[in-house]
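Novice: Okay, here's the structure, questions in a sec.
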Amino acid sequence: MFVKVCGVRTPGDVAAAVEAGADAIGFVLTESVRRLDPAEARELAALVPPHVLTVAVTAGVPAAEAGRRALAAGVQALQLHGDYLHEDFAEVAALPLRLLRATALRPGTDLATGAFGEEFLLLDAPVAGSGARWDLSLLDAARPRGHWLLAGGLTPANVADAIRAARPWGVDVSSGVESSRGVKDHGLIREFVANARGAALA
Ligand SMILES: O=C(O)c1ccccc1N[C@@H]1O[C@H](COP(=O)(O)O)[C@@H](O)[C@H]1O
């Protein structure tokens with residue numbers, strides 16, 4: 001089970017996520033209470049060991065600009081939230097960045113990982129980073145394939161059930177490991193990663 005901890009903002013957050021065993025750490029470079037500028041993200045990304053994927057997260061930003069922010073932050077991957085066309089992904093495909101396509105599950109959403117040239121698909125709530133849950137039974141009719149991550153309202157308390165219900169390849173969390181909006185709780189990060197891994201082994 002691949003586990004991504006998103007919205008990390010301090011060196012202590014980075015250390016907590018790495019020590020908890022997260023596989024990926026996300027830096028939000030877009031409008032959000034968790035927003036960092038690329039230079040701030042770069043300083044934090046430099047603290048992350050190479051085996052942990054560093055991800056720049058943007059929403060509703062033109063793909064080329066999102067790519068510029070990610071490169072300025074010195075991260076390994078770019079997570080794009082928004083209504084992008086295949087051409088938009090083609091614009092960033094040549095950059096030295098691994099790509100995550102983030103989308104809510106709507107009628108007509110292409111659920112094949114890689115359909116836009118991305119390496120990972122992320123299925124999220126309609127408002128990303130809001131802590132809102134969404135109806136996982138929607139996945140009964142249309143199941144994603146490949147390397148896909150589940151996000152949206154996950155917490156240490158519900159992640160195991162969510163994994164059993166949706167059977168994702170990975171999970172991603174932000175609000176659910178915070179003590180208040182935008183402030184990470186290191187104990188909750190540890191609990192989340194442990195519970196996600198425990199569910200995967202069950
Ligand atoms: O975390 C944010 O602030 C954010 C802002 C804009 C786009 C994506 C964002 N984060 C992503 O949202 C989900 C986590 O949501 P939740 O808070 O756990 O419900 C995850 O994909 C983050 O990468």
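Chain lettering (A, B, ...) mirrors the order of the structure tokens, residue numbering begins at 1 for each chain separately, and ligand numbering begins at 1 in order of display.
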Using only C-alpha atoms and all ligand atoms, find each residue with an atom at most 7 Å away from ligand 1 and format the answer as number ranges by chain.
Specialist: A: 6-7, 26, 28, 30-35, 57-59, 81, 122, 124-125, 128-133, 151-154, 172-176
Novice: Take the residues just selected and output them with C-alpha atoms as a short mmCIF file (atom, residue, chain, number, x, y, z; two decimals), in the first residue's frame.
Specialist:
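Saved to out-v8.cif:
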```
data_model
loop_
_atom_site.label_atom_id
_atom_site.label_comp_id
_atom_site.auth_asym_id
_atom_site.auth_seq_id
_atom_site.Cartn_x
_atom_site.Cartn_y
_atom_site.Cartn_z
CA CYS A 6 0.14 15.86 1.56
CA GLY A 7 0.18 19.50 2.60
CA GLY A 26 3.17 16.49 -1.11
CA VAL A 28 0.89 22.41 -2.10
CA THR A 30 -1.50 26.39 -5.28
CA GLU A 31 -4.30 28.35 -3.59
CA SER A 32 -4.80 26.67 -0.21
CA VAL A 33 -4.34 27.17 3.50
CA ARG A 34 -1.35 24.86 3.00
CA ARG A 35 0.19 26.86 0.18
CA VAL A 57 0.42 19.76 -5.95
CA THR A 58 -1.47 22.32 -8.02
CA ALA A 59 -5.13 22.89 -8.86
CA HIS A 81 -5.94 18.78 -10.17
CA LEU A 122 -5.67 10.01 -7.92
CA ASP A 124 -10.39 12.59 -4.86
CA ALA A 125 -13.42 14.39 -3.43
CA ALA A 128 -9.55 18.63 -3.06
CA GLY A 129 -7.94 19.16 0.31
CA SER A 130 -11.29 19.91 1.99
CA GLY A 131 -11.39 16.86 4.22
CA ALA A 132 -14.75 15.92 2.69
CA ARG A 133 -15.49 12.25 2.09
CA ALA A 151 -8.06 10.50 -1.37
CA GLY A 152 -10.75 12.65 0.16
CA GLY A 153 -11.64 12.75 3.83
CA LEU A 154 -9.38 9.89 4.86
CA ASP A 172 -3.35 10.11 0.09
CA VAL A 173 -4.23 12.28 3.08
CA SER A 174 -4.03 15.88 4.14
CA SER A 175 -6.86 17.18 6.40
CA GLY A 176 -7.17 13.89 8.28
#
```
Novice: Need the shell around Glu43 of chain A: protein/DNA/RNA residues with any atom at most 10 Å away, counting only C-alpha atoms. Skip same-chain ones fewer than 2 positions apart. Format as a list of chain:residue names?
Specialist: A:Thr10, A:Pro11, A:Pro38, A:Ala39, A:Glu40, A:Ala41, A:Ala45, A:Ala46, A:Leu47, A:Val48, A:Ala73, A:Gly74
Novice: Next, the residues of the selection above should be written as a compact mmCIF listing (two decimals), in the first residue's frame with C-alpha atoms.
Specialist:
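Output file part_34.txt is given in full below:
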```txt
# COMPACT_ATOMS: atom_id res chain seq x y z
CA THR A 10 7.53 22.43 8.09
CA PRO A 11 10.79 20.49 8.57
CA PRO A 38 8.34 26.98 -4.71
CA ALA A 39 11.39 28.25 -2.80
CA GLU A 40 9.87 27.15 0.54
CA ALA A 41 8.96 23.77 -0.94
CA ALA A 45 12.11 18.78 -0.44
CA ALA A 46 15.86 18.86 0.19
CA LEU A 47 15.20 17.22 3.58
CA VAL A 48 13.39 14.24 2.03
CA ALA A 73 10.55 23.43 -6.10
CA GLY A 74 13.00 20.71 -7.09
```
Novice: Could you give me, as JSON, numbers by chain, the residues within 8 Å of Ile25 of chain A, counting only C-alpha atoms and dropping anything in the same chain fewer than 6 positions from it?
Specialist: {"A": [4, 5, 6, 7, 8, 14, 17, 52, 53, 54, 55]}
Novice: Using only C-alpha atoms, determine which residues lie at most 12 Å from Ala160 of chain A, disregarding the query and same-chain residues fewer than 5 positions distant; provide the list as a list in words.
Specialist: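 Counting only C-alpha atoms, the residues come to Met1, Leu150, Leu154, Thr155, Ala165, Ala166, Arg167, Pro168, Gly170, Val171, Glu191, Phe192, Val193, Ala194, Asn195, Ala196, Arg197, Gly198, Ala199, Ala200, Leu201 and Ala202 of chain A.
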Novice: Write the selection just made, keeping all heavy atoms, as a compact mmCIF listing (two decimals), in the first residue's frame?
Specialist:
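Result written to selection-v2.txt:
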```
# COMPACT_ATOMS: atom_id res chain seq x y z
N MET A 1 0.85 -1.20 0.00
CA MET A 1 0.00 0.00 0.00
C MET A 1 0.89 1.25 0.00
O MET A 1 1.66 1.46 0.93
CB MET A 1 -0.90 -0.04 1.23
CG MET A 1 -1.84 1.12 1.43
SD MET A 1 -3.04 1.43 0.10
CE MET A 1 -3.70 -0.18 -0.24
N LEU A 150 -6.43 6.59 -3.61
CA LEU A 150 -7.69 7.09 -3.07
C LEU A 150 -7.40 8.27 -2.14
O LEU A 150 -6.50 8.19 -1.30
CB LEU A 150 -8.39 5.97 -2.30
CG LEU A 150 -9.69 6.34 -1.59
CD1 LEU A 150 -10.80 6.62 -2.62
CD2 LEU A 150 -10.12 5.20 -0.66
N LEU A 154 -9.94 11.04 4.14
CA LEU A 154 -9.38 9.89 4.86
C LEU A 154 -8.78 10.35 6.18
O LEU A 154 -8.26 11.46 6.30
CB LEU A 154 -8.31 9.20 4.00
CG LEU A 154 -8.81 8.62 2.68
CD1 LEU A 154 -7.65 8.00 1.89
CD2 LEU A 154 -9.92 7.58 2.92
N THR A 155 -8.87 9.48 7.19
CA THR A 155 -8.35 9.75 8.53
C THR A 155 -7.74 8.45 9.06
O THR A 155 -8.00 7.36 8.51
CB THR A 155 -9.47 10.17 9.51
OG1 THR A 155 -10.32 9.04 9.72
CG2 THR A 155 -10.30 11.34 8.97
N ALA A 165 -12.94 -1.19 1.23
CA ALA A 165 -14.08 -0.93 0.34
C ALA A 165 -13.62 -0.62 -1.09
O ALA A 165 -14.22 -1.11 -2.05
CB ALA A 165 -14.90 0.25 0.88
N ALA A 166 -12.59 0.19 -1.21
CA ALA A 166 -12.24 0.69 -2.56
C ALA A 166 -11.10 -0.08 -3.21
O ALA A 166 -10.92 -0.01 -4.41
CB ALA A 166 -11.86 2.17 -2.46
N ARG A 167 -10.31 -0.78 -2.39
CA ARG A 167 -9.16 -1.55 -2.86
C ARG A 167 -8.23 -0.74 -3.77
O ARG A 167 -7.94 -1.13 -4.90
CB ARG A 167 -9.61 -2.85 -3.53
CG ARG A 167 -10.12 -3.86 -2.52
CD ARG A 167 -10.63 -5.12 -3.14
NE ARG A 167 -11.98 -4.96 -3.64
CZ ARG A 167 -12.35 -5.17 -4.88
NH1 ARG A 167 -11.48 -5.58 -5.78
NH2 ARG A 167 -13.60 -5.01 -5.25
N PRO A 168 -7.77 0.42 -3.28
CA PRO A 168 -6.86 1.22 -4.10
C PRO A 168 -5.44 0.66 -4.06
O PRO A 168 -5.11 -0.16 -3.20
CB PRO A 168 -6.90 2.59 -3.39
CG PRO A 168 -7.10 2.22 -1.95
CD PRO A 168 -8.00 1.01 -1.95
N GLY A 170 -3.03 2.83 -3.56
CA GLY A 170 -2.42 3.70 -2.56
C GLY A 170 -3.45 4.66 -1.98
O GLY A 170 -4.59 4.72 -2.44
N VAL A 171 -3.04 5.39 -0.95
CA VAL A 171 -3.92 6.38 -0.32
C VAL A 171 -3.16 7.68 -0.13
O VAL A 171 -1.92 7.70 -0.06
CB VAL A 171 -4.47 5.88 1.04
CG1 VAL A 171 -5.49 4.77 0.85
CG2 VAL A 171 -3.35 5.43 1.97
N GLU A 191 -0.15 7.38 12.96
CA GLU A 191 -1.31 6.49 13.07
C GLU A 191 -1.89 6.18 11.68
O GLU A 191 -2.26 5.04 11.38
CB GLU A 191 -2.38 7.23 13.89
CG GLU A 191 -3.12 6.38 14.88
CD GLU A 191 -4.20 7.21 15.56
OE1 GLU A 191 -3.90 8.32 16.07
OE2 GLU A 191 -5.34 6.76 15.55
N PHE A 192 -1.94 7.20 10.83
CA PHE A 192 -2.51 7.01 9.49
C PHE A 192 -1.68 6.00 8.70
O PHE A 192 -2.22 5.06 8.10
CB PHE A 192 -2.57 8.36 8.74
CG PHE A 192 -3.24 8.25 7.40
CD1 PHE A 192 -4.62 8.39 7.28
CD2 PHE A 192 -2.51 7.96 6.26
CE1 PHE A 192 -5.25 8.25 6.05
CE2 PHE A 192 -3.13 7.82 5.02
CZ PHE A 192 -4.50 7.98 4.93
N VAL A 193 -0.37 6.20 8.69
CA VAL A 193 0.48 5.30 7.89
C VAL A 193 0.38 3.87 8.44
O VAL A 193 0.22 2.91 7.68
CB VAL A 193 1.95 5.80 7.88
CG1 VAL A 193 2.83 4.82 7.12
CG2 VAL A 193 2.04 7.20 7.25
N ALA A 194 0.41 3.74 9.74
CA ALA A 194 0.33 2.39 10.34
C ALA A 194 -1.01 1.73 10.01
O ALA A 194 -1.05 0.54 9.66
CB ALA A 194 0.52 2.49 11.86
N ASN A 195 -2.09 2.48 10.10
CA ASN A 195 -3.40 1.88 9.84
C ASN A 195 -3.58 1.52 8.36
O ASN A 195 -4.21 0.51 8.03
CB ASN A 195 -4.51 2.82 10.29
CG ASN A 195 -4.56 2.95 11.81
OD1 ASN A 195 -3.83 2.25 12.52
ND2 ASN A 195 -5.40 3.82 12.32
N ALA A 196 -3.04 2.35 7.49
CA ALA A 196 -3.12 2.04 6.05
C ALA A 196 -2.34 0.76 5.75
O ALA A 196 -2.81 -0.13 5.05
CB ALA A 196 -2.58 3.20 5.23
N ARG A 197 -1.17 0.64 6.33
CA ARG A 197 -0.34 -0.55 6.09
C ARG A 197 -1.00 -1.78 6.72
O ARG A 197 -1.00 -2.87 6.15
CB ARG A 197 1.05 -0.35 6.68
CG ARG A 197 1.86 0.70 5.98
CD ARG A 197 2.77 0.09 4.91
NE ARG A 197 3.04 1.03 3.83
CZ ARG A 197 3.77 2.14 3.96
NH1 ARG A 197 4.30 2.47 5.11
NH2 ARG A 197 3.95 2.94 2.92
N GLY A 198 -1.57 -1.61 7.89
CA GLY A 198 -2.22 -2.73 8.57
C GLY A 198 -3.40 -3.25 7.77
O GLY A 198 -3.60 -4.45 7.63
N ALA A 199 -4.15 -2.35 7.18
CA ALA A 199 -5.32 -2.76 6.39
C ALA A 199 -4.86 -3.50 5.15
O ALA A 199 -5.47 -4.50 4.75
CB ALA A 199 -6.12 -1.53 5.97
N ALA A 200 -3.78 -3.04 4.58
CA ALA A 200 -3.31 -3.68 3.35
C ALA A 200 -2.87 -5.10 3.61
O ALA A 200 -3.01 -5.97 2.74
CB ALA A 200 -2.16 -2.86 2.76
N LEU A 201 -2.35 -5.35 4.82
CA LEU A 201 -1.84 -6.70 5.12
C LEU A 201 -2.96 -7.64 5.55
O LEU A 201 -2.80 -8.84 5.50
CB LEU A 201 -0.80 -6.61 6.25
CG LEU A 201 0.48 -5.84 5.91
CD1 LEU A 201 1.38 -5.69 7.13
CD2 LEU A 201 1.23 -6.55 4.79
N ALA A 202 -4.11 -7.07 5.96
CA ALA A 202 -5.17 -7.92 6.51
C ALA A 202 -5.78 -8.83 5.45
O ALA A 202 -5.75 -8.53 4.29
CB ALA A 202 -6.25 -7.03 7.11
```
Novice: Point out the residue among A:Val159, A:Val61, A:Leu123, A:Leu95 with the least atom-to-atom distance to Arg143 of chain A, counting only C-alpha atoms.
Specialist: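 Closest to Arg143 of chain A, using only C-alpha atoms: A:Leu123.
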Novice: Can you list every residue of segment 9-75 of chain A that has an atom at most 8 Å from segment 186-190 of chain A, with its nearest atom pair and the distance in Å to one decimal, using only C-alpha atoms, ordered by chain then number, as a Markdown table?
Specialist:
```
| residue | atom | partner | partner_atom | distance |
| --- | --- | --- | --- | --- |
| A:Asp13 | CA | A:His186 | CA | 6.8 |
| A:Ala16 | CA | A:His186 | CA | 5.6 |
| A:Ala17 | CA | A:Ile189 | CA | 6.4 |
| A:Ala20 | CA | A:Arg190 | CA | 4.9 |
```
Novice: Please produce a file of the residues just selected, as a PDB file, in the first residue's frame, where the atoms kept are N, CA and C atoms.
Specialist:
```pdb
ATOM      1  N   ASP A  13       7.254  18.433  10.001  1.00  0.00           N
ATOM      2  CA  ASP A  13       6.264  17.619   9.266  1.00  0.00           C
ATOM      3  C   ASP A  13       6.970  16.611   8.359  1.00  0.00           C
ATOM      4  N   ALA A  16       8.389  13.818  10.400  1.00  0.00           N
ATOM      5  CA  ALA A  16       7.338  12.928  10.911  1.00  0.00           C
ATOM      6  C   ALA A  16       6.836  11.997   9.805  1.00  0.00           C
ATOM      7  N   ALA A  17       6.642  12.541   8.612  1.00  0.00           N
ATOM      8  CA  ALA A  17       6.135  11.707   7.507  1.00  0.00           C
ATOM      9  C   ALA A  17       7.165  10.655   7.101  1.00  0.00           C
ATOM     10  N   ALA A  20       7.441   8.014   9.792  1.00  0.00           N
ATOM     11  CA  ALA A  20       6.235   7.170   9.821  1.00  0.00           C
ATOM     12  C   ALA A  20       6.253   6.140   8.697  1.00  0.00           C
TER      13      ALA A  20
END
```
Novice: What does the distance from atom CA of Leu85 of chain A to atom CA of Ala115 of chain A come to in Å, to one decimal?
Specialist: 10.7 Å
Novice: From a DSSP calculation on the backbone, collect every residue of chain A in strand (DSSP E or B) and output the set as an NGL selection string.
Specialist: :A and (2-6 or 24-28 or 53-59 or 77-81 or 98-104 or 112 or 120-124 or 145 or 148-150 or 170-173 or 178-180 or 183-184)
Novice: What does the distance from atom CA of Phe116 of chain A to atom CA of Tyr84 of chain A come to in Å, to one decimal?
Specialist: 9.1 Å
Novice: Which residues come within 8 Å of Gly60 of chain A, counting only C-alpha atoms, excluding same-chain residues fewer than 3 positions away, as number ranges by chain?
Specialist: A: 80-83
Novice: Quick one: residues within 6 Å of segment 117-121 of chain A, only C-alpha atoms, excluding same-chain residues fewer than 3 positions away - as an MDAnalysis selection string?
Specialist: chainID A and resid 99:101 113:114 147:148
Novice: List every residue of chain A that DSSP, applied to the backbone of this structure, places in helix (DSSP H, G or I), and write the result as a PyMOL selection string.
Specialist: chain A and resi 11-20+38-45+63-73+86-93+136-140+159-166+175-177+186-201
Novice: Counting only C-alpha atoms, which of A:Ala64, A:Val3, A:Leu29, A:Leu44 gets nearest to Ala93 of chain A?
Specialist: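 Result for the nearest residue to Ala93 of chain A: A:Ala64.
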